[in-house]
Structure formats: structure tokens, C-alpha cells
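Asker: Dumping the structure here so I can ask a few things about it.
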Amino acid sequence: MALSNKILACNWKMNLKIQEATELARFVSQKADKCNASVWIAPSFTLLPHVAKILENSRVNYGAQNVHWDTCGAYTGEISPSMLKEIGCSFSIVGHSERRQIFGESNDIIIKRALGSLKHGLSVILCVGETLQEFENNETVKVVSFQVKSFLNELANASIELESFSDSKVKSIIIAYEPVWAIGTGKVATNENIASVHTTIHSIIQKYSFPFTVPVLYGGSVNENNARSILDLEVVDGALIGGASIDSRKIGMILDQFS
Ligand code: 13P
């Protein structure tokens, strides 16, 4: 993928107060105007309406960090795709390793979230990745392949009009490879590792012959110093950035490298 088409997705996680978030959103939006990459921001739920106001006429997509599959109902603590769409969200992250590990979300629940979100017209960033133990046991390919295939099998069988996903700028299905051991640790996977796992994921995706492309992002300790070399890899379609995305200096430096 050409550098100009790469996706820079910012996962703000459970961080920032309203004023900090609106200032950061304004800053990112100004940088994004001069940036060739596609910029996405996922703030926490309470920040979303405030960030939405700042970003409504900007090039930046905003979305949520998780989503339920149903439109409404007795699901305490959850948020529906239609609630997110009502405030202009275009996507949701699902299956982040923090959801899988800390909150015990199963692969089945994550697939339900992803498909529900797509059915209601929200793009999805599905996160996959192996734990440190799985990495050390050389199980990366096995674990990641299972996570990707189980989602794509269900997607292929789901009653979703896949043709409507052909315009990847509006609605897209994205996979983010985030090795759990690289998240928030400062330990980045080597470019060889990243390239190899991304190549595996791309080759799995190809077998499904979907009428759209499925970009594959890398996440895990991406920062202003390593972003460019990771994103220069042909098989890396973008980055999912955590810590560096809530620091205006760091995200500013990352965005500047794409202008
Ligand atoms: P860090 O960039 O802080 O390692 O977080 C990555 C991540 O989890 C993005 O979803």
C-alpha cells in the first residue's frame, strides 16, 4: 500500500478529560489536513460527543473502543452501534487484547460485536495478537490465524451485504495485529516479525476473495521514532497507536511524517 493511503488510528483508551480531549482532537485535525494518511480517533464514550463537535467537518474519522451487536435492550454497561452512529461515529474497535485479557471477552463475543457493528453500518477494527507466552512458544501464527479465520468465516457466512463495503473509505473491515507483549511495554516487534505476521494475515484474507480489501494495521509501542520504518513495510497498511496518540508532541511528530 502506498504511504499516502496508510491508516493512522489513535486508541485513546481510558484517558483524557473533556478539555484535554477537545484540544487534542483540534490539534490532530489540523495536522490531519496536511497529512496524506487517513486519520482515525477512538476516544472514550463520554468524550465522543465533545470530540464529534470538533471533528464534524474534518478529515478525521472518529469511533468507539468497543460496541455491542444489538440496537437496544437490557445490556447494562454496553453501547449499541446505532447510538454510536447517532453521534457520527464511523467505526468501532473490537477485540482489543485489553478486552480479551482483562475483561475476559471470548473470541465468540468479539465476533458477535464485529458482525453486529458491520450489520449496522459501522466499520470495524478487529484486534488480534498473541500473548508473550504464546510468542515464546512459537504459537504466534497459530493464534493469530485462528483469530482471523474465525472472524472471516463468520463474516463470509453472515447476511451482510458485503458489496456495500467495497468503498473502503466509508465502510471498512480492518484487522489490527497487536502482539499483547508489545502493548504499552515499549517492546516493539521487529520489522521482520511484523512483516511475517502481516504476510500471513494477508494470505488468509486473500483466500476469501472478498469484494473489498481488508487493511492490516500494526499496533504495540508505535511511537514517533519507529512509526515510519514500520509503516514503510509494504504489508503494513497502517498503525493502531495507544500511548503516543494521547501525547500531542508524539502524535504530531508521527502525523508530520505523512505530510
Ligand atoms: P501502545 O501504543 O500504548 O503500546 O498501545 C497499543 C494499543 O493497544 C493500541 O490499541
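Residues are referred to by chain and number: the chain letter is A, B, ... according to the order shown in the C-alpha cells, the number counts from 1 in that chain, and ligands are numbered separately from 1 in the order shown.
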Taking only C-alpha atoms and all ligand atoms and a cut-off of 7 Å, can you tell me which residues surround ligand 1, written as a PDB file with N, CA and C atoms, in the first residue's frame?

Answerer:
ATOM      1  N   ASN A  11      -5.915   5.046  19.444  1.00  0.00           N
ATOM      2  CA  ASN A  11      -6.744   4.466  20.504  1.00  0.00           C
ATOM      3  C   ASN A  11      -6.404   5.190  21.803  1.00  0.00           C
ATOM      4  N   HIS A  96      -9.996  -5.780  21.330  1.00  0.00           N
ATOM      5  CA  HIS A  96      -8.684  -5.331  21.811  1.00  0.00           C
ATOM      6  C   HIS A  96      -8.199  -6.303  22.878  1.00  0.00           C
ATOM      7  N   GLU A 178      -1.837  -6.795  16.969  1.00  0.00           N
ATOM      8  CA  GLU A 178      -1.210  -6.184  18.138  1.00  0.00           C
ATOM      9  C   GLU A 178      -0.682  -7.290  19.055  1.00  0.00           C
ATOM     10  N   ALA A 182       3.692  -6.420  23.246  1.00  0.00           N
ATOM     11  CA  ALA A 182       4.257  -5.151  22.735  1.00  0.00           C
ATOM     12  C   ALA A 182       3.394  -3.958  23.115  1.00  0.00           C
ATOM     13  N   ILE A 183       2.239  -4.225  23.745  1.00  0.00           N
ATOM     14  CA  ILE A 183       1.311  -3.123  24.032  1.00  0.00           C
ATOM     15  C   ILE A 183       1.696  -2.420  25.321  1.00  0.00           C
ATOM     16  N   GLY A 184       2.015  -1.148  25.194  1.00  0.00           N
ATOM     17  CA  GLY A 184       2.320  -0.326  26.366  1.00  0.00           C
ATOM     18  C   GLY A 184       3.601  -0.720  27.082  1.00  0.00           C
ATOM     19  N   THR A 185       4.422  -1.536  26.449  1.00  0.00           N
ATOM     20  CA  THR A 185       5.627  -2.035  27.117  1.00  0.00           C
ATOM     21  C   THR A 185       6.897  -1.386  26.588  1.00  0.00           C
ATOM     22  N   GLY A 186       6.788  -0.688  25.456  1.00  0.00           N
ATOM     23  CA  GLY A 186       7.990  -0.154  24.817  1.00  0.00           C
ATOM     24  C   GLY A 186       8.725  -1.221  24.010  1.00  0.00           C
ATOM     25  N   GLY A 219      -0.060  -2.657  15.738  1.00  0.00           N
ATOM     26  CA  GLY A 219      -0.131  -1.883  16.975  1.00  0.00           C
ATOM     27  C   GLY A 219       0.735  -2.507  18.045  1.00  0.00           C
ATOM     28  N   GLY A 220       1.275  -1.663  18.904  1.00  0.00           N
ATOM     29  CA  GLY A 220       2.137  -2.140  20.005  1.00  0.00           C
ATOM     30  C   GLY A 220       3.382  -1.298  20.070  1.00  0.00           C
ATOM     31  N   SER A 221       3.355  -0.280  20.979  1.00  0.00           N
ATOM     32  CA  SER A 221       4.511   0.598  21.193  1.00  0.00           C
ATOM     33  C   SER A 221       4.970   1.335  19.932  1.00  0.00           C
ATOM     34  N   VAL A 222       4.005   1.681  19.080  1.00  0.00           N
ATOM     35  CA  VAL A 222       4.350   2.535  17.932  1.00  0.00           C
ATOM     36  C   VAL A 222       4.562   3.956  18.467  1.00  0.00           C
ATOM     37  N   LEU A 240      -2.097   1.172  14.708  1.00  0.00           N
ATOM     38  CA  LEU A 240      -3.043   1.457  15.790  1.00  0.00           C
ATOM     39  C   LEU A 240      -2.186   1.896  16.973  1.00  0.00           C
ATOM     40  N   ILE A 241      -2.340   3.155  17.337  1.00  0.00           N
ATOM     41  CA  ILE A 241      -1.391   3.777  18.264  1.00  0.00           C
ATOM     42  C   ILE A 241      -2.078   4.076  19.593  1.00  0.00           C
ATOM     43  N   GLY A 242      -1.471   3.630  20.686  1.00  0.00           N
ATOM     44  CA  GLY A 242      -2.036   3.876  22.012  1.00  0.00           C
ATOM     45  C   GLY A 242      -1.361   5.065  22.674  1.00  0.00           C
ATOM     46  N   GLY A 243      -0.384   4.795  23.542  1.00  0.00           N
ATOM     47  CA  GLY A 243       0.258   5.830  24.358  1.00  0.00           C
ATOM     48  C   GLY A 243       0.695   7.067  23.580  1.00  0.00           C
ATOM     49  N   ALA A 244       1.335   6.873  22.451  1.00  0.00           N
ATOM     50  CA  ALA A 244       1.846   8.034  21.694  1.00  0.00           C
ATOM     51  C   ALA A 244       0.714   8.879  21.118  1.00  0.00           C
TER      52      ALA A 244
END

Asker: Based on DSSP run over this structure's backbone, return all residues of range 134-200 of chain A in helix (DSSP H, G or I), as number ranges by chain.

Answerer: A: 134-136, 140-157, 162-165, 180-182, 191-200

Asker: Between A:Ile174, A:Ala158, A:Val141, A:Leu55, which has the minimum distance to Leu122 in chain A (counting only C-alpha atoms)?

Answerer: A:Ile174

Asker: Could you work out how far CA of Leu8 in chain A lies from CA of Leu255 in chain A, giving the answer in Å with one decimal?

Answerer: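 It comes out at 8.2 Å.
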
Asker: Can you tell me, as a list in words, what residues are no more than 8 Å from Ser248 in chain A when counting only C-alpha atoms, ignoring any on the same chain fewer than 6 positions away?

Answerer: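 Residues near the query, excluding close chain neighbours: Leu24, Phe27 and Val28 of chain A.
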
Asker: Using only C-alpha atoms, which protein or nucleic acid residues come within 9 Å of Tyr208 in chain A? Drop anything in the same chain fewer than 3 positions from it, and give the result as a ChimeraX atom specification.

Answerer: /A:152-153,156,204-205

Asker: Need the shell around Ala239 in chain A: protein/DNA/RNA residues with any atom at most 9 Å away, counting only C-alpha atoms. Skip same-chain ones fewer than 3 positions apart. Format as a ChimeraX atom specification?

Answerer: /A:6-10,176,216-220,222,227,230-231,236
